[in-house]
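Okay, structure first, notes after.
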Amino acid sequence: MNNSTREKIELEHDAARIFMRLYEERSGLPMRHIWHNEPNKPDVSCYLDGDRMDLEIAHIYGSEEEAKLILGRAANIRTLEALHQLIQVPVGDRLLTALNAVLASKSGKTYHSDRVWLVIRNANPLWSTDDLKQCLHRVSLPPAHPFEQIWVIGDMTGESGIVQLY
């Protein structure tokens with residue numbers, strides 16, 4: 001397994017653990033036992049109140065350049081120039097664009113599972129749960145998607161909680 005794949009799996013597991021803890025606190029239903037799946041299934045499987053379910057995990061960073069910095073990659077001149085251009089785009093618009101792109105991408109997939117929830121973790125420190133709540137009415141969820149529920153974790157550590165989109 002290469003470093004990129006390992007990092008992706010670690011990010012997915014971390015997001016799943018945070019989501020499961022926050023969902024359990026919110027609902028009072030136990031959510032336990034995560035394991036990683038092969039590519040033809042959603043990323044993580046678990047049990048919700050004793051019933052098996054799957055979680056497809058996604059992260060929103062903003063732009064590719066922002067993702068590189070957030071993940072600790074070195075910034076070259078192209079990255080810095082692109083980030084400079086982003087300053088002129090309102091933060092809420094960038095959040096909405098990133099969120100809609102993930103929803104469109106994930107909604108078009110087919111999952112080998114009877115029960116899938118999409119969990120999106122906000123990885124961009126410029127965005128907050130409040131920003132997310134302000135743009136919810138503008139979120140563009142494709143009419144056909146495979147998800148029973150869709151949730152967003154407001155930040156990387158889960159301190160700002162979770163918001164249900166669908």
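Labels used: A, B, ... for chains in the order of the structure tokens, numbers from 1 for residues in each chain, and numbers from 1 for ligands as shown.
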
Quick one: residues within 12 Å of range 5-13 of chain A, only C-alpha atoms, excluding same-chain residues fewer than 6 positions away - as a JSON list (two decimals) with all heavy atoms, in the first residue's frame?
```
[["chain", "number", "residue", "atom", "x", "y", "z"],
["A", 19, "PHE", "N", -17.58, 11.02, 13.13],
["A", 19, "PHE", "CA", -19.00, 11.03, 12.82],
["A", 19, "PHE", "C", -19.78, 10.08, 13.73],
["A", 19, "PHE", "O", -20.82, 10.44, 14.27],
["A", 19, "PHE", "CB", -19.26, 10.66, 11.36],
["A", 19, "PHE", "CG", -20.73, 10.51, 11.08],
["A", 19, "PHE", "CD1", -21.54, 11.63, 10.99],
["A", 19, "PHE", "CD2", -21.31, 9.26, 10.97],
["A", 19, "PHE", "CE1", -22.91, 11.51, 10.78],
["A", 19, "PHE", "CE2", -22.67, 9.12, 10.77],
["A", 19, "PHE", "CZ", -23.47, 10.25, 10.67],
["A", 20, "MET", "N", -19.27, 8.86, 13.89],
["A", 20, "MET", "CA", -19.97, 7.87, 14.71],
["A", 20, "MET", "C", -20.14, 8.37, 16.14],
["A", 20, "MET", "O", -21.23, 8.24, 16.72],
["A", 20, "MET", "CB", -19.21, 6.54, 14.67],
["A", 20, "MET", "CG", -19.31, 5.86, 13.32],
["A", 20, "MET", "SD", -18.19, 4.45, 13.09],
["A", 20, "MET", "CE", -18.56, 3.46, 14.50],
["A", 33, "HIS", "N", -18.00, -0.55, 15.75],
["A", 33, "HIS", "CA", -17.23, -1.51, 14.94],
["A", 33, "HIS", "C", -17.05, -1.08, 13.49],
["A", 33, "HIS", "O", -17.79, -1.51, 12.62],
["A", 33, "HIS", "CB", -17.87, -2.90, 14.96],
["A", 33, "HIS", "CG", -18.10, -3.44, 16.32],
["A", 33, "HIS", "ND1", -17.07, -3.70, 17.19],
["A", 33, "HIS", "CD2", -19.23, -3.75, 16.97],
["A", 33, "HIS", "CE1", -17.57, -4.16, 18.32],
["A", 33, "HIS", "NE2", -18.87, -4.20, 18.22],
["A", 34, "ILE", "N", -16.05, -0.29, 13.27],
["A", 34, "ILE", "CA", -15.79, 0.11, 11.89],
["A", 34, "ILE", "C", -14.71, -0.77, 11.27],
["A", 34, "ILE", "O", -13.83, -1.28, 11.95],
["A", 34, "ILE", "CB", -15.39, 1.59, 11.76],
["A", 34, "ILE", "CG1", -14.05, 1.88, 12.42],
["A", 34, "ILE", "CG2", -16.48, 2.49, 12.31],
["A", 34, "ILE", "CD1", -13.49, 3.25, 12.08],
["A", 35, "TRP", "N", -14.82, -0.97, 9.98],
["A", 35, "TRP", "CA", -13.77, -1.63, 9.22],
["A", 35, "TRP", "C", -13.79, -1.06, 7.81],
["A", 35, "TRP", "O", -14.80, -0.55, 7.35],
["A", 35, "TRP", "CB", -13.91, -3.15, 9.23],
["A", 35, "TRP", "CG", -15.17, -3.68, 8.62],
["A", 35, "TRP", "CD1", -15.34, -4.11, 7.34],
["A", 35, "TRP", "CD2", -16.43, -3.87, 9.27],
["A", 35, "TRP", "NE1", -16.62, -4.55, 7.15],
["A", 35, "TRP", "CE2", -17.32, -4.42, 8.32],
["A", 35, "TRP", "CE3", -16.91, -3.65, 10.56],
["A", 35, "TRP", "CZ2", -18.64, -4.73, 8.60],
["A", 35, "TRP", "CZ3", -18.22, -3.96, 10.85],
["A", 35, "TRP", "CH2", -19.06, -4.49, 9.88],
["A", 36, "HIS", "N", -12.65, -1.12, 7.15],
["A", 36, "HIS", "CA", -12.50, -0.56, 5.82],
["A", 36, "HIS", "C", -12.91, -1.59, 4.78],
["A", 36, "HIS", "O", -12.68, -2.77, 4.95],
["A", 36, "HIS", "CB", -11.05, -0.11, 5.58],
["A", 36, "HIS", "CG", -10.95, 0.87, 4.47],
["A", 36, "HIS", "ND1", -11.25, 2.19, 4.62],
["A", 36, "HIS", "CD2", -10.60, 0.71, 3.17],
["A", 36, "HIS", "CE1", -11.09, 2.80, 3.47],
["A", 36, "HIS", "NE2", -10.70, 1.93, 2.57],
["A", 37, "ASN", "N", -13.51, -1.12, 3.71],
["A", 37, "ASN", "CA", -13.98, -1.99, 2.64],
["A", 37, "ASN", "C", -13.10, -1.90, 1.40],
["A", 37, "ASN", "O", -12.33, -0.97, 1.24],
["A", 37, "ASN", "CB", -15.41, -1.62, 2.26],
["A", 37, "ASN", "CG", -16.39, -1.99, 3.35],
["A", 37, "ASN", "OD1", -16.31, -3.06, 3.93],
["A", 37, "ASN", "ND2", -17.30, -1.09, 3.65],
["A", 38, "GLU", "N", -13.31, -2.84, 0.53],
["A", 38, "GLU", "CA", -12.65, -2.85, -0.77],
["A", 38, "GLU", "C", -13.31, -1.78, -1.65],
["A", 38, "GLU", "O", -14.41, -1.32, -1.35],
["A", 38, "GLU", "CB", -12.78, -4.23, -1.41],
["A", 38, "GLU", "CG", -12.07, -5.33, -0.63],
["A", 38, "GLU", "CD", -10.58, -5.07, -0.48],
["A", 38, "GLU", "OE1", -9.93, -4.69, -1.47],
["A", 38, "GLU", "OE2", -10.06, -5.24, 0.64],
["A", 39, "PRO", "N", -12.67, -1.42, -2.75],
["A", 39, "PRO", "CA", -13.17, -0.31, -3.58],
["A", 39, "PRO", "C", -14.60, -0.46, -4.11],
["A", 39, "PRO", "O", -15.23, 0.54, -4.39],
["A", 39, "PRO", "CB", -12.17, -0.27, -4.75],
["A", 39, "PRO", "CG", -10.93, -0.84, -4.20],
["A", 39, "PRO", "CD", -11.36, -1.89, -3.21],
["A", 42, "PRO", "N", -18.85, 0.96, -0.18],
["A", 42, "PRO", "CA", -18.54, 2.23, 0.50],
["A", 42, "PRO", "C", -17.30, 2.08, 1.38],
["A", 42, "PRO", "O", -16.90, 0.97, 1.73],
["A", 42, "PRO", "CB", -19.79, 2.47, 1.34],
["A", 42, "PRO", "CG", -20.88, 1.76, 0.60],
["A", 42, "PRO", "CD", -20.21, 0.52, 0.05],
["A", 43, "ASP", "N", -16.71, 3.21, 1.75],
["A", 43, "ASP", "CA", -15.41, 3.21, 2.42],
["A", 43, "ASP", "C", -15.36, 2.44, 3.73],
["A", 43, "ASP", "O", -14.41, 1.71, 3.99],
["A", 43, "ASP", "CB", -14.97, 4.66, 2.70],
["A", 43, "ASP", "CG", -14.79, 5.45, 1.42],
["A", 43, "ASP", "OD1", -14.15, 4.91, 0.50],
["A", 43, "ASP", "OD2", -15.29, 6.58, 1.35],
["A", 44, "VAL", "N", -16.39, 2.59, 4.56],
["A", 44, "VAL", "CA", -16.36, 2.06, 5.91],
["A", 44, "VAL", "C", -17.69, 1.39, 6.22],
["A", 44, "VAL", "O", -18.74, 1.87, 5.82],
["A", 44, "VAL", "CB", -16.11, 3.20, 6.93],
["A", 44, "VAL", "CG1", -16.22, 2.71, 8.36],
["A", 44, "VAL", "CG2", -14.75, 3.85, 6.70],
["A", 45, "SER", "N", -17.64, 0.27, 6.94],
["A", 45, "SER", "CA", -18.86, -0.38, 7.42],
["A", 45, "SER", "C", -18.89, -0.31, 8.93],
["A", 45, "SER", "O", -17.85, -0.26, 9.59],
["A", 45, "SER", "CB", -18.90, -1.84, 6.99],
["A", 45, "SER", "OG", -19.06, -1.94, 5.60],
["A", 46, "CYS", "N", -20.10, -0.30, 9.48],
["A", 46, "CYS", "CA", -20.27, -0.24, 10.94],
["A", 46, "CYS", "C", -21.64, -0.82, 11.28],
["A", 46, "CYS", "O", -22.36, -1.29, 10.42],
["A", 46, "CYS", "CB", -20.14, 1.20, 11.43],
["A", 46, "CYS", "SG", -21.41, 2.31, 10.78],
["A", 55, "LEU", "N", -20.76, 3.59, 5.34],
["A", 55, "LEU", "CA", -20.51, 5.03, 5.25],
["A", 55, "LEU", "C", -19.57, 5.30, 4.09],
["A", 55, "LEU", "O", -18.50, 4.70, 4.01],
["A", 55, "LEU", "CB", -19.86, 5.55, 6.54],
["A", 55, "LEU", "CG", -20.61, 5.33, 7.86],
["A", 55, "LEU", "CD1", -19.77, 5.79, 9.03],
["A", 55, "LEU", "CD2", -21.97, 6.02, 7.83],
["A", 56, "GLU", "N", -19.99, 6.16, 3.20],
["A", 56, "GLU", "CA", -19.11, 6.67, 2.16],
["A", 56, "GLU", "C", -18.57, 7.99, 2.71],
["A", 56, "GLU", "O", -19.33, 8.86, 3.12],
["A", 56, "GLU", "CB", -19.87, 6.89, 0.85],
["A", 56, "GLU", "CG", -19.03, 7.47, -0.26],
["A", 56, "GLU", "CD", -17.93, 6.54, -0.76],
["A", 56, "GLU", "OE1", -17.92, 5.34, -0.44],
["A", 56, "GLU", "OE2", -17.06, 7.04, -1.50],
["A", 57, "ILE", "N", -17.25, 8.12, 2.75],
["A", 57, "ILE", "CA", -16.61, 9.28, 3.37],
["A", 57, "ILE", "C", -16.03, 10.18, 2.27],
["A", 57, "ILE", "O", -15.40, 9.69, 1.33],
["A", 57, "ILE", "CB", -15.47, 8.85, 4.31],
["A", 57, "ILE", "CG1", -15.95, 7.83, 5.35],
["A", 57, "ILE", "CG2", -14.82, 10.06, 4.96],
["A", 57, "ILE", "CD1", -16.96, 8.35, 6.35],
["A", 58, "ALA", "N", -16.25, 11.48, 2.42],
["A", 58, "ALA", "CA", -15.66, 12.45, 1.50],
["A", 58, "ALA", "C", -15.16, 13.63, 2.33],
["A", 58, "ALA", "O", -15.61, 13.85, 3.45],
["A", 58, "ALA", "CB", -16.69, 12.93, 0.49],
["A", 59, "HIS", "N", -14.22, 14.35, 1.77],
["A", 59, "HIS", "CA", -13.69, 15.55, 2.41],
["A", 59, "HIS", "C", -13.84, 16.73, 1.45],
["A", 59, "HIS", "O", -13.69, 16.56, 0.25],
["A", 59, "HIS", "CB", -12.21, 15.38, 2.76],
["A", 59, "HIS", "CG", -11.98, 14.47, 3.91],
["A", 59, "HIS", "ND1", -11.99, 13.10, 3.77],
["A", 59, "HIS", "CD2", -11.75, 14.72, 5.22],
["A", 59, "HIS", "CE1", -11.77, 12.55, 4.95],
["A", 59, "HIS", "NE2", -11.63, 13.50, 5.84],
["A", 60, "ILE", "N", -14.15, 17.89, 2.00],
["A", 60, "ILE", "CA", -14.13, 19.11, 1.18],
["A", 60, "ILE", "C", -13.01, 19.99, 1.71],
["A", 60, "ILE", "O", -12.89, 20.22, 2.91],
["A", 60, "ILE", "CB", -15.48, 19.85, 1.16],
["A", 60, "ILE", "CG1", -16.03, 20.12, 2.57],
["A", 60, "ILE", "CG2", -16.49, 19.09, 0.33],
["A", 60, "ILE", "CD1", -17.28, 20.97, 2.60],
["A", 71, "LEU", "N", -3.18, 19.47, 3.80],
["A", 71, "LEU", "CA", -2.58, 18.15, 4.01],
["A", 71, "LEU", "C", -1.06, 18.22, 4.23],
["A", 71, "LEU", "O", -0.40, 17.20, 4.34],
["A", 71, "LEU", "CB", -2.90, 17.23, 2.84],
["A", 71, "LEU", "CG", -4.38, 16.86, 2.71],
["A", 71, "LEU", "CD1", -4.64, 16.11, 1.41],
["A", 71, "LEU", "CD2", -4.86, 16.05, 3.91],
["A", 72, "GLY", "N", -0.53, 19.44, 4.29],
["A", 72, "GLY", "CA", 0.88, 19.61, 4.63],
["A", 72, "GLY", "C", 1.84, 19.45, 3.47],
["A", 72, "GLY", "O", 3.03, 19.23, 3.68],
["A", 118, "LEU", "N", -23.79, 9.05, 3.31],
["A", 118, "LEU", "CA", -22.64, 9.84, 2.89],
["A", 118, "LEU", "C", -22.25, 10.77, 4.03],
["A", 118, "LEU", "O", -23.11, 11.47, 4.58],
["A", 118, "LEU", "CB", -22.98, 10.67, 1.64],
["A", 118, "LEU", "CG", -21.90, 11.64, 1.15],
["A", 118, "LEU", "CD1", -20.61, 10.90, 0.78],
["A", 118, "LEU", "CD2", -22.43, 12.45, -0.04],
["A", 119, "VAL", "N", -20.98, 10.74, 4.40],
["A", 119, "VAL", "CA", -20.45, 11.62, 5.45],
["A", 119, "VAL", "C", -19.37, 12.48, 4.81],
["A", 119, "VAL", "O", -18.38, 11.94, 4.29],
["A", 119, "VAL", "CB", -19.87, 10.81, 6.63],
["A", 119, "VAL", "CG1", -19.24, 11.74, 7.66],
["A", 119, "VAL", "CG2", -20.96, 9.95, 7.28],
["A", 120, "ILE", "N", -19.57, 13.78, 4.84],
["A", 120, "ILE", "CA", -18.62, 14.73, 4.25],
["A", 120, "ILE", "C", -17.98, 15.49, 5.41],
["A", 120, "ILE", "O", -18.68, 16.06, 6.24],
["A", 120, "ILE", "CB", -19.33, 15.71, 3.31],
["A", 120, "ILE", "CG1", -20.08, 14.96, 2.21],
["A", 120, "ILE", "CG2", -18.33, 16.72, 2.72],
["A", 120, "ILE", "CD1", -21.05, 15.83, 1.42],
["A", 121, "ARG", "N", -16.65, 15.47, 5.45],
["A", 121, "ARG", "CA", -15.96, 16.22, 6.50],
["A", 121, "ARG", "C", -15.35, 17.49, 5.91],
["A", 121, "ARG", "O", -14.62, 17.44, 4.92],
["A", 121, "ARG", "CB", -14.86, 15.38, 7.16],
["A", 121, "ARG", "CG", -14.13, 16.16, 8.25],
["A", 121, "ARG", "CD", -13.33, 15.31, 9.21],
["A", 121, "ARG", "NE", -12.28, 14.54, 8.59],
["A", 121, "ARG", "CZ", -11.29, 13.97, 9.26],
["A", 121, "ARG", "NH1", -11.22, 14.08, 10.58],
["A", 121, "ARG", "NH2", -10.38, 13.27, 8.63],
["A", 122, "ASN", "N", -15.68, 18.61, 6.52],
["A", 122, "ASN", "CA", -15.09, 19.88, 6.12],
["A", 122, "ASN", "C", -13.66, 19.92, 6.64],
["A", 122, "ASN", "O", -13.42, 19.89, 7.84],
["A", 122, "ASN", "CB", -15.89, 21.04, 6.70],
["A", 122, "ASN", "CG", -15.16, 22.35, 6.57],
["A", 122, "ASN", "OD1", -14.37, 22.55, 5.65],
["A", 122, "ASN", "ND2", -15.41, 23.25, 7.50],
["A", 123, "ALA", "N", -12.70, 20.02, 5.72],
["A", 123, "ALA", "CA", -11.30, 20.07, 6.10],
["A", 123, "ALA", "C", -10.71, 21.47, 6.00],
["A", 123, "ALA", "O", -9.55, 21.68, 6.35],
["A", 123, "ALA", "CB", -10.50, 19.12, 5.22],
["A", 156, "MET", "N", -12.44, 19.47, 10.98],
["A", 156, "MET", "CA", -11.60, 18.26, 11.01],
["A", 156, "MET", "C", -11.71, 17.47, 12.31],
["A", 156, "MET", "O", -11.60, 16.25, 12.31],
["A", 156, "MET", "CB", -10.14, 18.61, 10.75],
["A", 156, "MET", "CG", -9.82, 18.87, 9.29],
["A", 156, "MET", "SD", -10.11, 17.48, 8.19],
["A", 156, "MET", "CE", -8.62, 16.52, 8.45],
["A", 157, "THR", "N", -11.92, 18.14, 13.44],
["A", 157, "THR", "CA", -11.96, 17.44, 14.73],
["A", 157, "THR", "C", -13.37, 17.15, 15.21],
["A", 157, "THR", "O", -13.55, 16.44, 16.19],
["A", 157, "THR", "CB", -11.23, 18.26, 15.81],
["A", 157, "THR", "OG1", -11.91, 19.51, 15.96],
["A", 157, "THR", "CG2", -9.77, 18.48, 15.45]]
```

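Nearest residue to Leu95 in chain A, choosing from A:Gly28, A:Gly154, A:Pro146, A:Gly108 and counting only C-alpha atoms: A:Gly154.
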
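For the pair CA of Ile162 in chain A and CA of Asp49 in chain A, the separation is 18.8 Å.
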
(request) Give me the residues within 9 Å of Ser128 in chain A as a list in words, counting only C-alpha atoms and dropping any in the same chain fewer than 4 places off. (result) Asn122, Asn124, Leu132, Lys133, Gly154, Asp155 and Ser160 of chain A

With N, CA and C atoms kept, could you save the residues just selected as an mmCIF file, in the first residue's frame?
```cif
data_model
loop_
_atom_site.group_PDB
_atom_site.id
_atom_site.type_symbol
_atom_site.label_atom_id
_atom_site.label_comp_id
_atom_site.auth_asym_id
_atom_site.auth_seq_id
_atom_site.Cartn_x
_atom_site.Cartn_y
_atom_site.Cartn_z
ATOM 1 N N ASN A 122 -15.675 18.608 6.521
ATOM 2 C CA ASN A 122 -15.088 19.876 6.124
ATOM 3 C C ASN A 122 -13.655 19.921 6.638
ATOM 4 N N ASN A 124 -11.499 22.424 5.531
ATOM 5 C CA ASN A 124 -10.989 23.773 5.336
ATOM 6 C C ASN A 124 -11.214 24.613 6.591
ATOM 7 N N LEU A 132 -21.713 26.729 6.760
ATOM 8 C CA LEU A 132 -22.426 25.623 6.136
ATOM 9 C C LEU A 132 -23.933 25.816 6.266
ATOM 10 N N LYS A 133 -24.393 26.132 7.458
ATOM 11 C CA LYS A 133 -25.829 26.320 7.681
ATOM 12 C C LYS A 133 -26.378 27.461 6.831
ATOM 13 N N GLY A 154 -18.616 19.471 10.629
ATOM 14 C CA GLY A 154 -18.297 20.879 10.445
ATOM 15 C C GLY A 154 -16.831 21.248 10.398
ATOM 16 N N ASP A 155 -15.958 20.394 10.912
ATOM 17 C CA ASP A 155 -14.525 20.691 10.916
ATOM 18 C C ASP A 155 -13.754 19.388 11.078
ATOM 19 N N SER A 160 -17.297 21.398 15.994
ATOM 20 C CA SER A 160 -18.476 22.191 15.654
ATOM 21 C C SER A 160 -19.703 21.340 15.357
#
```

(message) Ranking A:Val102, A:Ile153, A:Met53, A:Ile18 by minimum distance to Asp114 in chain A and counting only C-alpha atoms, which one comes first?
(response)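 Checking each of A:Val102, A:Ile153, A:Met53, A:Ile18 against Asp114 in chain A, counting only C-alpha atoms, the winner is A:Met53.
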
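The coordinates place CA of Val152 in chain A at 27.9 Å from CA of Asn2 in chain A.
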
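Each of A:Arg32, A:Arg17, A:Glu148, A:Ser27 was checked against Ser113 in chain A using only C-alpha atoms; the smallest atom-to-atom distance is that of A:Glu148.
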
(request) Report the distance between CA of Ala98 in chain A and CA of Tyr47 in chain A in Å, rounded to one decimal place. (result)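 Here the two named atoms are 29.2 Å from each other.
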
(request) Show which residues sit within 10 Å of Cys135 in chain A, as a list in words. Count only C-alpha atoms, and ignore same-chain residues fewer than 6 positions away. (result) Gly92, Asp93, Leu95, Leu96 and Leu99 of chain A

Put those residues in a file: N, CA and C atoms, as a tab-separated table (two decimals), in the first residue's frame.
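Contents of the output file part_24.tsv:
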```
chain	number	residue	atom	x	y	z
A	92	GLY	N	-18.12	31.76	1.43
A	92	GLY	CA	-19.35	30.98	1.33
A	92	GLY	C	-19.57	30.40	-0.06
A	93	ASP	N	-19.19	31.14	-1.08
A	93	ASP	CA	-19.33	30.63	-2.45
A	93	ASP	C	-18.39	29.47	-2.70
A	95	LEU	N	-17.28	27.40	-0.40
A	95	LEU	CA	-17.83	26.27	0.36
A	95	LEU	C	-18.94	25.61	-0.43
A	96	LEU	N	-19.88	26.39	-0.94
A	96	LEU	CA	-21.01	25.85	-1.69
A	96	LEU	C	-20.52	25.11	-2.93
A	99	LEU	N	-18.93	21.78	-1.83
A	99	LEU	CA	-19.96	20.86	-1.35
A	99	LEU	C	-20.77	20.30	-2.51
```

(request) Would you please work out which residue, of A:Pro142, A:Ser4, A:Arg21, A:Arg26, is nearest to Leu103 in chain A when using only C-alpha atoms? (result) A:Pro142

(request) Enumerate the residues of chain A with a DSSP assignment of helix (DSSP H, G or I), computed from the backbone, and present them as JSON, numbers by chain. (result) {"A": [3, 4, 5, 6, 7, 8, 9, 10, 11, 12, 13, 14, 15, 16, 17, 18, 19, 20, 21, 22, 23, 24, 25, 26, 27, 64, 65, 66, 67, 68, 69, 70, 77, 78, 79, 80, 81, 82, 83, 84, 85, 86, 91, 92, 93, 94, 95, 96, 97, 98, 99, 100, 101, 102, 103, 104, 105, 106, 107, 129, 130, 131, 132, 133, 134, 135, 136, 137, 138]}

Convert the current residue selection to file output with C-alpha atoms, as a PDB file, in the first residue's frame.
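Everything below was put into selection-v1.pdb:
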```
ATOM      1  CA  ASN A   3       1.619   6.437   1.247  1.00  0.00           C
ATOM      2  CA  SER A   4      -1.196   8.194  -0.599  1.00  0.00           C
ATOM      3  CA  THR A   5      -3.555   5.230  -0.163  1.00  0.00           C
ATOM      4  CA  ARG A   6      -2.572   4.854   3.484  1.00  0.00           C
ATOM      5  CA  GLU A   7      -3.203   8.562   4.121  1.00  0.00           C
ATOM      6  CA  LYS A   8      -6.616   8.367   2.402  1.00  0.00           C
ATOM      7  CA  ILE A   9      -7.666   5.378   4.528  1.00  0.00           C
ATOM      8  CA  GLU A  10      -6.475   7.084   7.729  1.00  0.00           C
ATOM      9  CA  LEU A  11      -8.462  10.236   6.852  1.00  0.00           C
ATOM     10  CA  GLU A  12     -11.557   8.129   6.118  1.00  0.00           C
ATOM     11  CA  HIS A  13     -11.276   6.169   9.370  1.00  0.00           C
ATOM     12  CA  ASP A  14     -10.714   9.330  11.383  1.00  0.00           C
ATOM     13  CA  ALA A  15     -13.766  10.982   9.798  1.00  0.00           C
ATOM     14  CA  ALA A  16     -15.862   7.847  10.386  1.00  0.00           C
ATOM     15  CA  ARG A  17     -14.856   7.676  14.074  1.00  0.00           C
ATOM     16  CA  ILE A  18     -15.662  11.356  14.591  1.00  0.00           C
ATOM     17  CA  PHE A  19     -19.000  11.029  12.820  1.00  0.00           C
ATOM     18  CA  MET A  20     -19.968   7.870  14.710  1.00  0.00           C
ATOM     19  CA  ARG A  21     -19.200   9.520  18.072  1.00  0.00           C
ATOM     20  CA  LEU A  22     -21.138  12.684  17.205  1.00  0.00           C
ATOM     21  CA  TYR A  23     -24.087  10.786  15.738  1.00  0.00           C
ATOM     22  CA  GLU A  24     -24.260   8.531  18.774  1.00  0.00           C
ATOM     23  CA  GLU A  25     -24.221  11.559  21.110  1.00  0.00           C
ATOM     24  CA  ARG A  26     -26.961  13.230  19.083  1.00  0.00           C
ATOM     25  CA  SER A  27     -29.250  10.232  18.554  1.00  0.00           C
ATOM     26  CA  GLU A  64      -6.785  21.519  -5.061  1.00  0.00           C
ATOM     27  CA  GLU A  65      -4.257  24.094  -3.893  1.00  0.00           C
ATOM     28  CA  GLU A  66      -5.985  24.488  -0.521  1.00  0.00           C
ATOM     29  CA  ALA A  67      -6.064  20.717  -0.129  1.00  0.00           C
ATOM     30  CA  LYS A  68      -2.315  20.527  -0.659  1.00  0.00           C
ATOM     31  CA  LEU A  69      -1.652  23.077   2.074  1.00  0.00           C
ATOM     32  CA  ILE A  70      -4.188  21.574   4.482  1.00  0.00           C
ATOM     33  CA  ILE A  77       4.728  29.282  -6.940  1.00  0.00           C
ATOM     34  CA  ARG A  78       1.733  27.942  -8.929  1.00  0.00           C
ATOM     35  CA  THR A  79      -0.008  26.934  -5.695  1.00  0.00           C
ATOM     36  CA  LEU A  80       0.629  30.330  -4.124  1.00  0.00           C
ATOM     37  CA  GLU A  81      -0.631  32.166  -7.206  1.00  0.00           C
ATOM     38  CA  ALA A  82      -3.807  30.064  -7.273  1.00  0.00           C
ATOM     39  CA  LEU A  83      -4.402  30.703  -3.558  1.00  0.00           C
ATOM     40  CA  HIS A  84      -3.942  34.426  -4.129  1.00  0.00           C
ATOM     41  CA  GLN A  85      -6.684  34.308  -6.788  1.00  0.00           C
ATOM     42  CA  LEU A  86      -9.019  32.512  -4.364  1.00  0.00           C
ATOM     43  CA  VAL A  91     -15.699  32.097   1.388  1.00  0.00           C
ATOM     44  CA  GLY A  92     -19.351  30.978   1.330  1.00  0.00           C
ATOM     45  CA  ASP A  93     -19.330  30.635  -2.452  1.00  0.00           C
ATOM     46  CA  ARG A  94     -16.224  28.464  -2.324  1.00  0.00           C
ATOM     47  CA  LEU A  95     -17.832  26.274   0.361  1.00  0.00           C
ATOM     48  CA  LEU A  96     -21.005  25.851  -1.686  1.00  0.00           C
ATOM     49  CA  THR A  97     -19.022  25.044  -4.843  1.00  0.00           C
ATOM     50  CA  ALA A  98     -16.925  22.419  -3.028  1.00  0.00           C
ATOM     51  CA  LEU A  99     -19.955  20.859  -1.351  1.00  0.00           C
ATOM     52  CA  ASN A 100     -21.982  20.694  -4.579  1.00  0.00           C
ATOM     53  CA  ALA A 101     -19.024  19.147  -6.437  1.00  0.00           C
ATOM     54  CA  VAL A 102     -18.699  16.348  -3.864  1.00  0.00           C
ATOM     55  CA  LEU A 103     -22.457  15.732  -3.866  1.00  0.00           C
ATOM     56  CA  ALA A 104     -22.527  15.518  -7.671  1.00  0.00           C
ATOM     57  CA  SER A 105     -19.515  13.200  -7.762  1.00  0.00           C
ATOM     58  CA  LYS A 106     -20.665  10.825  -5.023  1.00  0.00           C
ATOM     59  CA  SER A 107     -24.323  10.797  -6.128  1.00  0.00           C
ATOM     60  CA  THR A 129     -20.621  25.002  10.666  1.00  0.00           C
ATOM     61  CA  ASP A 130     -22.285  28.430  10.648  1.00  0.00           C
ATOM     62  CA  ASP A 131     -21.044  29.012   7.071  1.00  0.00           C
ATOM     63  CA  LEU A 132     -22.426  25.623   6.136  1.00  0.00           C
ATOM     64  CA  LYS A 133     -25.829  26.320   7.681  1.00  0.00           C
ATOM     65  CA  GLN A 134     -26.016  29.643   5.810  1.00  0.00           C
ATOM     66  CA  CYS A 135     -25.580  27.954   2.430  1.00  0.00           C
ATOM     67  CA  LEU A 136     -27.786  24.874   3.016  1.00  0.00           C
ATOM     68  CA  HIS A 137     -30.711  26.375   1.100  1.00  0.00           C
ATOM     69  CA  ARG A 138     -28.432  26.694  -1.943  1.00  0.00           C
TER      70      ARG A 138
END
```

(request) Please return as a count of residues only: the residues of chain A that backbone DSSP assigns to strand (DSSP E or B). (result) 36
